[in-house]
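Engineer: For reference, the file target.tsv (TSV, C-alpha atoms) is included below:
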```
chain	number	residue	atom	x	y	z
A	30	MET	CA	119.28	85.57	79.98
A	31	ASN	CA	116.79	86.40	82.75
A	32	LYS	CA	115.62	89.92	83.49
A	33	ALA	CA	117.91	90.41	86.47
A	34	GLU	CA	120.96	89.90	84.27
A	35	THR	CA	119.86	92.80	82.07
A	36	TRP	CA	119.88	95.35	84.91
A	37	THR	CA	123.32	96.68	84.06
A	38	ASN	CA	124.43	100.26	84.57
A	39	SER	CA	124.34	100.93	80.84
A	40	ALA	CA	120.82	99.55	80.49
A	41	LEU	CA	119.51	101.48	83.50
A	42	ASP	CA	121.25	104.62	82.22
A	43	ALA	CA	119.30	104.25	78.97
A	44	PHE	CA	116.03	103.81	80.88
A	45	ARG	CA	116.58	107.22	82.48
A	46	TYR	CA	115.84	108.80	79.10
A	47	GLN	CA	112.66	106.84	78.46
A	48	GLY	CA	109.21	107.96	79.58
A	49	ASP	CA	105.75	106.51	78.96
A	50	PRO	CA	105.06	106.59	75.19
A	51	GLU	CA	101.30	105.93	75.39
A	52	ALA	CA	100.53	108.60	77.98
A	53	ASP	CA	103.09	111.02	76.53
A	54	GLU	CA	101.44	110.72	73.12
A	55	ALA	CA	98.03	111.52	74.61
A	56	MET	CA	99.37	114.61	76.35
A	57	ALA	CA	101.25	115.70	73.23
A	58	LEU	CA	97.98	115.52	71.26
A	59	ILE	CA	96.29	117.75	73.84
A	60	LEU	CA	99.08	120.29	73.58
A	61	ALA	CA	99.02	120.20	69.78
A	62	ASN	CA	95.24	120.43	69.43
A	63	LYS	CA	94.24	122.48	72.48
A	64	GLY	CA	97.32	124.51	73.38
A	65	LYS	CA	99.33	124.89	76.59
A	66	GLU	CA	96.66	126.81	78.52
A	67	GLU	CA	94.12	124.04	78.00
A	68	ALA	CA	96.74	121.40	78.85
A	69	TYR	CA	97.38	123.15	82.17
A	70	ARG	CA	93.64	123.30	82.83
A	71	ILE	CA	93.29	119.56	82.24
A	72	PHE	CA	96.30	118.93	84.47
A	73	ASP	CA	94.61	120.97	87.21
A	74	VAL	CA	91.39	118.98	86.78
A	75	LEU	CA	93.34	115.73	87.18
A	76	ILE	CA	95.15	116.74	90.35
A	77	ARG	CA	92.11	118.32	92.04
A	78	ASN	CA	89.90	115.26	91.69
A	79	ILE	CA	90.25	112.12	93.75
A	80	GLU	CA	88.50	110.01	91.11
A	81	MET	CA	89.50	109.97	87.48
A	82	PRO	CA	87.45	112.82	85.91
A	83	VAL	CA	86.73	110.91	82.69
A	84	LEU	CA	83.86	113.12	81.55
A	85	GLN	CA	85.96	116.26	81.90
A	86	LEU	CA	88.78	115.00	79.68
A	87	PRO	CA	89.11	115.82	75.96
A	88	VAL	CA	88.65	113.33	73.13
A	89	GLU	CA	92.42	113.17	72.66
A	90	VAL	CA	92.76	110.86	75.67
A	91	ARG	CA	90.02	108.40	74.68
A	92	PRO	CA	92.32	106.03	72.74
A	93	PHE	CA	94.69	105.94	75.72
A	94	LEU	CA	91.87	105.19	78.16
A	95	ALA	CA	90.47	102.45	75.93
A	96	ALA	CA	93.88	100.81	75.50
A	97	THR	CA	94.66	100.77	79.24
A	98	ASP	CA	91.30	99.97	80.86
A	99	SER	CA	92.28	96.53	82.21
A	100	LEU	CA	95.24	94.59	83.55
A	101	PRO	CA	97.25	92.41	81.13
A	102	ASP	CA	95.68	89.10	80.12
A	103	SER	CA	98.52	87.22	81.82
A	104	THR	CA	97.48	88.51	85.25
A	105	ASP	CA	96.56	85.76	87.72
A	106	PRO	CA	93.20	86.65	89.34
A	107	GLU	CA	93.99	84.43	92.32
A	108	ALA	CA	97.19	86.39	92.95
A	109	ILE	CA	95.19	89.62	92.84
A	110	ALA	CA	92.66	88.21	95.33
A	111	ASP	CA	95.47	87.08	97.64
A	112	ALA	CA	97.15	90.49	97.45
A	113	HIS	CA	93.89	92.24	98.29
A	114	ARG	CA	93.33	89.98	101.28
A	115	PHE	CA	96.91	90.70	102.36
A	116	PHE	CA	96.19	94.43	102.18
A	117	LEU	CA	92.91	94.14	104.05
A	118	ASP	CA	94.88	92.47	106.84
A	119	HIS	CA	97.95	94.73	106.77
A	120	GLY	CA	96.73	97.89	105.04
A	121	ALA	CA	97.19	100.31	107.95
A	122	LYS	CA	100.70	98.94	108.46
A	123	CYS	CA	101.39	99.21	104.73
A	124	LEU	CA	100.42	102.89	104.79
A	125	PHE	CA	102.56	103.33	107.89
A	126	LEU	CA	105.52	101.73	106.06
A	127	LEU	CA	104.81	103.74	102.93
A	128	TYR	CA	105.24	106.84	105.08
A	129	TYR	CA	108.29	105.83	107.11
A	130	LYS	CA	110.14	103.60	104.62
A	131	SER	CA	108.95	103.82	101.00
A	132	LEU	CA	108.86	107.61	100.64
A	133	PRO	CA	112.18	108.17	102.48
A	134	LEU	CA	113.85	105.64	100.16
A	135	LEU	CA	112.51	107.58	97.18
A	136	TYR	CA	113.77	110.83	98.68
A	137	CYS	CA	117.28	109.31	98.67
A	138	MET	CA	117.17	109.23	94.84
A	139	HIS	CA	119.18	112.37	94.21
A	140	LYS	CA	118.18	112.54	90.54
A	141	GLY	CA	114.53	111.76	91.18
A	142	ALA	CA	113.88	113.95	94.23
A	143	PRO	CA	114.02	117.23	92.24
A	144	VAL	CA	111.01	116.05	90.22
A	145	LEU	CA	109.01	115.65	93.43
A	146	THR	CA	109.76	119.15	94.70
A	147	ARG	CA	109.09	120.76	91.32
A	148	THR	CA	105.85	118.81	90.91
A	149	SER	CA	104.55	119.94	94.28
A	150	ARG	CA	105.30	123.55	93.43
A	151	LEU	CA	103.83	123.14	89.97
A	152	THR	CA	100.51	122.03	91.43
A	153	ASN	CA	100.17	124.61	94.20
A	154	ASN	CA	100.92	128.29	94.67
A	155	ASP	CA	101.47	127.77	98.39
A	156	LYS	CA	105.18	128.26	99.12
A	157	SER	CA	105.20	126.46	102.47
A	158	GLN	CA	106.26	122.88	103.08
A	159	ARG	CA	102.59	121.89	103.33
A	160	ILE	CA	102.56	121.44	99.55
A	161	PHE	CA	104.85	118.41	99.92
A	162	ALA	CA	102.57	116.77	102.49
A	163	ARG	CA	99.73	116.50	100.00
A	164	ARG	CA	101.76	114.03	97.94
A	165	ILE	CA	101.87	111.77	100.97
A	166	ALA	CA	98.08	111.65	101.12
A	167	GLU	CA	97.75	111.27	97.36
A	168	THR	CA	100.17	108.35	97.37
A	169	GLY	CA	98.25	106.69	100.19
A	170	GLN	CA	94.98	107.17	98.29
A	171	PHE	CA	96.50	105.54	95.22
A	172	LEU	CA	97.65	102.57	97.29
A	173	ILE	CA	94.14	102.09	98.68
A	174	ASP	CA	92.50	102.46	95.26
A	175	VAL	CA	94.58	99.71	93.63
A	176	MET	CA	94.42	97.44	96.68
A	177	THR	CA	90.64	97.52	97.16
A	178	PRO	CA	89.03	94.20	96.15
A	179	GLY	CA	87.23	94.38	92.81
A	180	GLU	CA	88.80	97.68	91.73
A	181	LEU	CA	91.47	96.30	89.39
A	182	THR	CA	88.80	95.10	86.98
A	183	ILE	CA	87.90	96.82	83.69
A	184	ARG	CA	87.42	100.53	84.35
A	185	GLY	CA	87.49	99.86	88.09
A	186	ARG	CA	88.57	102.53	90.54
A	187	GLY	CA	92.08	101.08	90.73
A	188	ILE	CA	92.44	101.03	86.94
A	189	ARG	CA	91.18	104.62	86.70
A	190	ALA	CA	93.64	105.67	89.42
A	191	ILE	CA	96.49	104.17	87.39
A	192	GLN	CA	95.34	105.95	84.23
A	193	LYS	CA	95.10	109.25	86.08
A	194	VAL	CA	98.62	108.89	87.48
A	195	ARG	CA	99.99	108.19	84.00
A	196	LEU	CA	98.35	111.29	82.53
A	197	ILE	CA	99.59	113.43	85.41
A	198	HIS	CA	103.10	112.09	84.92
A	199	ALA	CA	102.92	112.79	81.19
A	200	ALA	CA	101.87	116.37	81.88
A	201	ILE	CA	104.69	116.80	84.40
A	202	ARG	CA	107.23	115.53	81.86
A	203	GLN	CA	105.99	118.14	79.40
A	204	PHE	CA	105.85	121.08	81.81
A	205	ILE	CA	109.04	120.48	83.79
A	206	ARG	CA	111.17	119.93	80.71
A	207	GLU	CA	110.15	123.39	79.52
A	208	ASP	CA	111.27	124.96	82.81
A	209	GLY	CA	115.05	124.59	82.80
A	210	TRP	CA	115.20	120.88	83.57
A	211	ASP	CA	118.74	119.47	83.20
A	212	GLU	CA	117.82	116.36	81.23
A	213	GLN	CA	121.41	115.48	80.39
A	214	GLN	CA	122.34	115.17	84.08
A	215	LEU	CA	119.06	114.03	85.61
A	216	GLY	CA	117.41	112.09	82.82
A	217	LEU	CA	113.81	112.51	81.74
A	218	PRO	CA	111.44	113.59	84.54
A	219	ILE	CA	109.63	110.52	85.89
A	220	ASN	CA	111.65	108.16	83.74
A	221	GLN	CA	111.55	104.37	83.57
A	222	GLU	CA	114.23	103.78	86.21
A	223	ASP	CA	112.54	106.14	88.68
A	224	MET	CA	109.13	104.53	88.03
A	225	ALA	CA	110.58	101.05	88.58
A	226	MET	CA	112.14	102.18	91.85
A	227	THR	CA	108.83	103.63	93.00
A	228	LEU	CA	107.07	100.35	92.22
A	229	MET	CA	109.65	98.43	94.27
A	230	THR	CA	109.18	100.74	97.27
A	231	PHE	CA	105.42	100.08	97.14
A	232	SER	CA	105.89	96.31	97.01
A	233	VAL	CA	109.23	94.84	98.10
A	234	ALA	CA	110.07	97.62	100.56
A	235	VAL	CA	106.71	97.16	102.30
A	236	LEU	CA	107.30	93.40	102.62
A	237	ASP	CA	110.79	94.10	104.00
A	238	GLY	CA	109.37	96.64	106.43
A	239	LEU	CA	106.84	94.16	107.80
A	240	GLU	CA	109.62	91.62	108.24
A	241	LYS	CA	111.67	94.25	110.09
A	242	PHE	CA	108.85	94.30	112.63
A	243	GLY	CA	108.76	90.50	112.83
A	244	ILE	CA	105.84	89.97	110.43
A	245	GLN	CA	106.69	87.51	107.66
A	246	GLU	CA	103.84	86.17	105.60
A	247	PRO	CA	104.22	82.85	103.72
A	248	ARG	CA	106.30	83.12	100.59
A	249	PRO	CA	103.39	82.37	98.18
A	250	LEU	CA	101.45	85.32	99.65
A	251	GLN	CA	104.47	87.61	99.30
A	252	GLU	CA	104.89	86.50	95.68
A	253	ALA	CA	101.19	87.16	95.02
A	254	TYR	CA	101.64	90.69	96.36
A	255	LEU	CA	104.65	91.21	94.09
A	256	GLN	CA	102.84	89.74	91.07
A	257	THR	CA	99.94	92.12	91.65
A	258	TRP	CA	102.29	95.09	91.72
A	259	LYS	CA	103.96	93.75	88.59
A	260	ALA	CA	100.57	93.89	86.84
A	261	ILE	CA	99.98	97.40	88.21
A	262	GLY	CA	103.44	98.37	86.98
A	263	HIS	CA	102.56	97.14	83.50
A	264	ASN	CA	99.51	99.39	83.50
A	265	LEU	CA	101.58	102.28	84.83
A	266	GLY	CA	103.60	102.10	81.63
A	267	ILE	CA	106.74	100.56	83.10
A	268	ASN	CA	108.84	98.63	80.61
A	269	GLU	CA	108.44	94.85	80.92
A	270	ALA	CA	112.21	94.51	81.36
A	271	LEU	CA	111.92	96.43	84.64
A	272	LEU	CA	109.11	94.33	86.11
A	273	PRO	CA	110.67	91.63	88.35
A	274	ASP	CA	109.32	88.10	88.27
A	275	SER	CA	109.86	87.38	91.98
A	276	VAL	CA	110.28	89.12	95.32
A	277	ALA	CA	113.98	88.19	95.32
A	278	ASP	CA	114.47	89.79	91.90
A	279	GLY	CA	112.47	92.82	93.00
A	280	ARG	CA	114.74	93.26	95.99
A	281	LEU	CA	117.76	92.95	93.70
A	282	LEU	CA	116.40	95.62	91.35
A	283	MET	CA	115.64	97.97	94.24
A	284	ASN	CA	119.10	97.53	95.74
A	285	THR	CA	120.74	97.96	92.33
A	286	ILE	CA	118.97	101.26	91.74
A	287	MET	CA	119.70	102.41	95.29
A	288	ALA	CA	123.40	101.70	94.76
A	289	ARG	CA	123.30	103.82	91.59
A	290	GLN	CA	121.13	106.71	92.70
A	291	ALA	CA	121.16	107.12	96.50
A	292	ALA	CA	122.98	110.28	97.54
A	293	ALA	CA	122.40	113.38	99.63
A	294	SER	CA	120.48	116.20	97.94
A	295	ALA	CA	118.86	119.42	99.03
A	296	ASP	CA	115.58	118.29	97.47
A	297	GLY	CA	115.62	114.97	99.30
A	298	GLN	CA	116.31	116.66	102.61
A	299	LEU	CA	113.56	119.24	102.04
A	300	LEU	CA	111.04	116.50	101.28
A	301	THR	CA	112.13	114.53	104.32
A	302	GLN	CA	111.80	117.52	106.61
A	303	ALA	CA	108.29	118.12	105.31
A	304	LEU	CA	107.46	114.48	105.97
A	305	VAL	CA	108.83	114.67	109.53
A	306	ASP	CA	106.99	117.92	110.22
A	307	PHE	CA	103.72	116.42	109.01
A	308	ALA	CA	104.26	113.30	111.12
A	309	GLN	CA	104.93	115.39	114.22
A	310	SER	CA	101.75	117.35	113.61
A	311	VAL	CA	99.87	114.06	113.39
A	312	LEU	CA	101.31	112.67	116.62
A	313	LYS	CA	100.52	115.84	118.63
A	314	ASN	CA	102.68	114.57	121.47
A	315	GLU	CA	105.89	116.34	122.52
A	316	LYS	CA	107.23	113.15	124.07
A	317	LEU	CA	107.08	111.49	120.66
A	318	ALA	CA	108.58	114.38	118.71
A	319	LEU	CA	111.61	112.28	117.77
A	320	ALA	CA	109.54	109.25	116.79
A	321	PRO	CA	109.29	110.04	113.05
A	322	GLU	CA	113.05	110.47	112.61
A	323	THR	CA	113.73	107.41	114.74
A	324	LEU	CA	111.36	105.26	112.72
A	325	ILE	CA	112.80	106.39	109.40
A	326	ARG	CA	116.36	105.65	110.56
A	327	PHE	CA	115.27	102.25	111.87
A	328	LEU	CA	113.49	101.29	108.63
A	329	ILE	CA	115.93	102.57	106.00
A	330	GLY	CA	119.22	102.41	107.93
A	331	GLU	CA	121.61	105.03	109.22
A	332	GLU	CA	123.47	105.49	105.92
A	333	TYR	CA	120.40	106.45	103.91
A	334	ALA	CA	118.96	108.43	106.83
A	335	GLY	CA	122.16	110.48	106.92
A	336	MET	CA	121.67	111.32	103.24
A	337	LEU	CA	118.27	112.73	104.18
A	338	GLY	CA	119.76	114.91	106.91
A	339	LEU	CA	118.53	112.74	109.79
A	340	GLN	CA	121.29	112.40	112.35
A	341	PRO	CA	121.29	109.95	115.29
A	342	ARG	CA	120.04	111.42	118.55
A	343	GLY	CA	120.33	110.12	122.07
A	344	GLY	CA	117.62	109.43	124.60
A	345	CYS	CA	115.52	106.52	125.77
A	346	LEU	CA	112.97	106.87	122.98
A	347	THR	CA	115.60	106.60	120.26
A	348	ALA	CA	116.99	103.42	121.78
A	349	ALA	CA	113.76	101.72	122.81
A	350	LEU	CA	111.09	102.70	120.28
A	351	PRO	CA	111.97	100.35	117.39
A	352	HIS	CA	112.23	97.34	119.70
A	353	ALA	CA	108.97	98.20	121.45
A	354	LEU	CA	107.17	98.60	118.13
A	355	ARG	CA	108.53	95.29	116.84
A	356	ALA	CA	107.15	93.55	119.91
A	357	LEU	CA	103.80	95.31	119.51
A	358	PHE	CA	103.48	94.28	115.87
A	359	ARG	CA	104.22	90.68	116.84
A	360	LEU	CA	101.67	90.87	119.66
A	361	GLY	CA	99.09	92.23	117.28
A	362	GLU	CA	99.67	89.45	114.77
A	363	ARG	CA	99.13	86.82	117.45
A	364	LEU	CA	96.03	88.39	118.92
A	365	GLU	CA	94.17	90.25	116.20
A	366	ASP	CA	92.45	87.09	114.91
A	367	LYS	CA	91.37	86.14	118.43
A	368	ILE	CA	90.14	89.36	119.99
A	369	GLU	CA	88.29	92.42	118.75
A	370	ALA	CA	89.98	94.85	121.12
A	371	PRO	CA	92.28	97.42	119.51
A	372	LEU	CA	95.99	96.83	119.39
A	373	ASP	CA	98.32	98.59	121.79
A	374	GLU	CA	97.95	102.37	121.99
A	375	VAL	CA	101.43	103.00	120.60
A	376	LEU	CA	100.69	100.96	117.49
A	377	LYS	CA	97.38	102.77	117.08
A	378	LEU	CA	99.15	106.09	117.44
A	379	LEU	CA	101.80	105.44	114.81
A	380	SER	CA	99.72	103.62	112.19
A	381	GLN	CA	96.04	104.34	112.65
A	382	GLN	CA	96.51	108.01	113.51
A	383	THR	CA	98.60	108.46	110.38
A	384	VAL	CA	95.75	106.98	108.35
A	385	ARG	CA	93.23	109.20	110.14
A	386	ALA	CA	95.33	112.26	109.37
A	387	MET	CA	95.28	111.34	105.69
A	388	VAL	CA	91.48	111.01	105.81
A	389	GLY	CA	91.03	114.69	106.53
A	390	TYR	CA	93.89	115.99	104.43
A	391	PHE	CA	92.07	116.56	101.16
A	392	ASP	CA	89.21	118.56	102.73
A	393	ASN	CA	90.30	122.01	101.61
A	394	TYR	CA	92.34	121.26	98.51
A	395	LYS	CA	90.11	118.76	96.75
A	396	GLY	CA	86.84	119.48	98.51
A	397	ARG	CA	86.59	115.81	99.38
A	398	ASN	CA	87.82	113.54	102.14
A	399	PHE	CA	90.54	110.98	101.65
A	400	GLN	CA	88.53	107.85	100.87
A	401	ILE	CA	88.86	104.47	102.59
A	402	PRO	CA	86.34	101.70	101.79
A	403	GLN	CA	84.10	100.75	104.68
A	404	ALA	CA	85.57	97.24	104.97
A	405	MET	CA	89.03	98.72	105.41
A	406	GLN	CA	87.82	101.31	107.90
A	407	THR	CA	86.34	98.51	109.99
A	408	GLU	CA	89.65	96.64	110.00
A	409	TRP	CA	91.99	99.61	110.46
A	410	MET	CA	90.22	102.36	112.36
```
I'd like the structure from this file rewritten - as structure tokens, please.
Structural biologist:
Amino acid sequence: MNKAETWTNSALDAFRYQGDPEADEAMALILANKGKEEAYRIFDVLIRNIEMPVLQLPVEVRPFLAATDSLPDSTDPEAIADAHRFFLDHGAKCLFLLYYKSLPLLYCMHKGAPVLTRTSRLTNNDKSQRIFARRIAETGQFLIDVMTPGELTIRGRGIRAIQKVRLIHAAIRQFIREDGWDEQQLGLPINQEDMAMTLMTFSVAVLDGLEKFGIQEPRPLQEAYLQTWKAIGHNLGINEALLPDSVADGRLLMNTIMARQAAASADGQLLTQALVDFAQSVLKNEKLALAPETLIRFLIGEEYAGMLGLQPRGGCLTAALPHALRALFRLGERLEDKIEAPLDEVLKLLSQQTVRAMVGYFDNYKGRNFQIPQAMQTEWM
């Protein structure tokens, strides 16, 4: 029996009550030895630092860090190198698709979206929707950290970013469960099924989004990208049974979970509205005010967009924008290896400006800029 045959409703139901034993054990030790106040302080240190603050962490996490400081031995280094080259080429577009496709798909998960809203409120006293926008930047930073060449090596920046995410998730599971979380109905916060879905939106959904705009890389390169995310998923603590062996299986898993979990929810619609508001503030152009909603509907489809509270609207922009962008992406793919001039202004506006907005987002909260390696800045900005 291959993995795909095991993705039954009963099996996925069971995964909703499973977390991340290694990271959860580390956080449980902190709570037992240091107390809740110290656990909250460590959680705050983790979320307020862009890098993994190894020297500020207690001894209780050292066994976890030592056990998870490299990718599995089965990882193909050539696949990693291919995936990193893919990201150097398409990184700005990947971040663009993360924003307009991956996150909206996650917001459709009516049992997972409440975790995202509670987490944002847990990490910030600000009651405005700005607290949800920070997650967008943090997710983009994580994507860059794991996709930077050389950073998925032992104790590399990508590995440390994965470890940090796992510890943050473990803390969230502890804190949210103590705050009236309906585990029977929703499952464990940040459970195995939700983590697998997130991994698929970072990998398969991005590949599908590029194809939607007419960009289809050779199959071996797509498989290398998926295999790299499979290795990252292993280090994120995702059960091996939920790590697809191919892009086709990854797409099947994503669609299976969507069929089980996609539904309208107040949390999903709140997160989506915050995403749209942030996008509109980035564009700073009244004529493009409908562009974020239009792009989301185009990339995830009208059914899922409706679940997020995005209703079809008339007008020339709504009808023409997706087709114009598809043509621009195709134009860029043909020309970017031949000329050094920037791509069309619309493409720059909707991908590069989004990246630039992320660059400045951490200034006040983390005291540091969003970080993009120089090689990627040269390619993207």
Engineer: If I take atom CA of A:Gly48 and atom CA of A:Val175, how far is one from the other in Å, to one decimal?
Structural biologist: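 These atoms are spaced 21.9 Å apart.
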Engineer: Choose the residue, out of A:Gln302, A:Thr146, A:Asn38, A:Ser99, that has the smallest atom-to-atom separation from A:Thr285; count only C-alpha atoms.
Structural biologist: A:Asn38
Engineer: Measuring atom to atom with only C-alpha atoms, identify which of A:Ile197, A:Met30, A:Ile219, A:Ile59 is nearest to A:Arg45.
Structural biologist: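 The answer is A:Ile219, which sits nearest to A:Arg45.
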Engineer: Please provide as a PyMOL selection string all residues within 12 Å of A:Ile188, with the sequence filter that same-chain residues fewer than 2 positions apart are discarded (counting all atoms listed in the file).
Structural biologist: chain A and resi 80-81+94-101+171-186+190-195+260-265
Engineer: Give the answer as one residue: which of A:Ile244, A:Asp306, A:Leu271, A:Thr230 has the shortest atom-to-atom distance to A:Leu134, using all atoms listed in the file?
Structural biologist: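 Among the listed residues, the smallest separation from A:Leu134 belongs to A:Thr230.
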Engineer: Would you mind listing what lies within 12 Å of stretch 204-217 of chain A as a PyMOL selection string, with only C-alpha atoms counted and same-chain residues fewer than 6 positions away left out?
Structural biologist: chain A and resi 41-49+53+56-57+60+65-66+68-69+72+138-152+197-198+223-224+290
Engineer: Between A:Val90, A:Leu328, A:Leu228, A:Cys137, which has the minimum distance to A:Leu282 (counting all atoms listed in the file)?
Structural biologist: A:Leu228
Engineer: Can you work out the spacing between atom CA of A:Ala234 and atom CA of A:Gln203 in Å, to one decimal?
Structural biologist: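 If I compute the distance from atom CA of A:Ala234 to atom CA of A:Gln203, I get 29.8 Å.
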Engineer: Give me, please, the distance in Å between atom CA of A:Leu58 and atom CA of A:Leu196, quoted to one decimal.
Structural biologist: 12.0 Å
Engineer: Closest to A:Glu54 among A:Glu252, A:Glu34, A:Glu89, A:Glu67, using all atoms listed in the file?
Structural biologist: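 The shortest atom-to-atom distance to A:Glu54 comes from A:Glu89.
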Engineer: I'd like to know which of A:Ile79, A:Ala295, A:Ala166, A:Val235 is closest to A:Arg189, using only C-alpha atoms.
Structural biologist: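 When distances to A:Arg189 are compared using only C-alpha atoms, the smallest one comes from A:Ile79.
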Engineer: Tell me, as a PDB file with C-alpha atoms, keeping the file's coordinate frame, which residues lie within 9 Å of A:Leu255, counting only C-alpha atoms; anything in the same chain fewer than 5 positions away does not count.
Structural biologist:
```pdb
ATOM      1  CA  ALA A 108      97.190  86.390  92.950  1.00  0.00           C
ATOM      2  CA  ALA A 112      97.150  90.490  97.450  1.00  0.00           C
ATOM      3  CA  MET A 229     109.650  98.430  94.270  1.00  0.00           C
ATOM      4  CA  SER A 232     105.890  96.310  97.010  1.00  0.00           C
ATOM      5  CA  VAL A 233     109.230  94.840  98.100  1.00  0.00           C
ATOM      6  CA  LEU A 250     101.450  85.320  99.650  1.00  0.00           C
ATOM      7  CA  ALA A 260     100.570  93.890  86.840  1.00  0.00           C
ATOM      8  CA  PRO A 273     110.670  91.630  88.350  1.00  0.00           C
ATOM      9  CA  ASP A 274     109.320  88.100  88.270  1.00  0.00           C
ATOM     10  CA  SER A 275     109.860  87.380  91.980  1.00  0.00           C
ATOM     11  CA  VAL A 276     110.280  89.120  95.320  1.00  0.00           C
ATOM     12  CA  GLY A 279     112.470  92.820  93.000  1.00  0.00           C
TER      13      GLY A 279
END
```
Engineer: Quick one: everything within 12 Å of A:Tyr128, counting all atoms listed in the file, minus sequence neighbours fewer than 2 positions away in the same chain. Send it as an MDAnalysis selection string.
Structural biologist: chainID A and resid 121:126 130:136 162 164:169 172 230:231 234:235 238 300:301 303:305 307:308 321:322 324:325 328:329 379:380 383:384 387
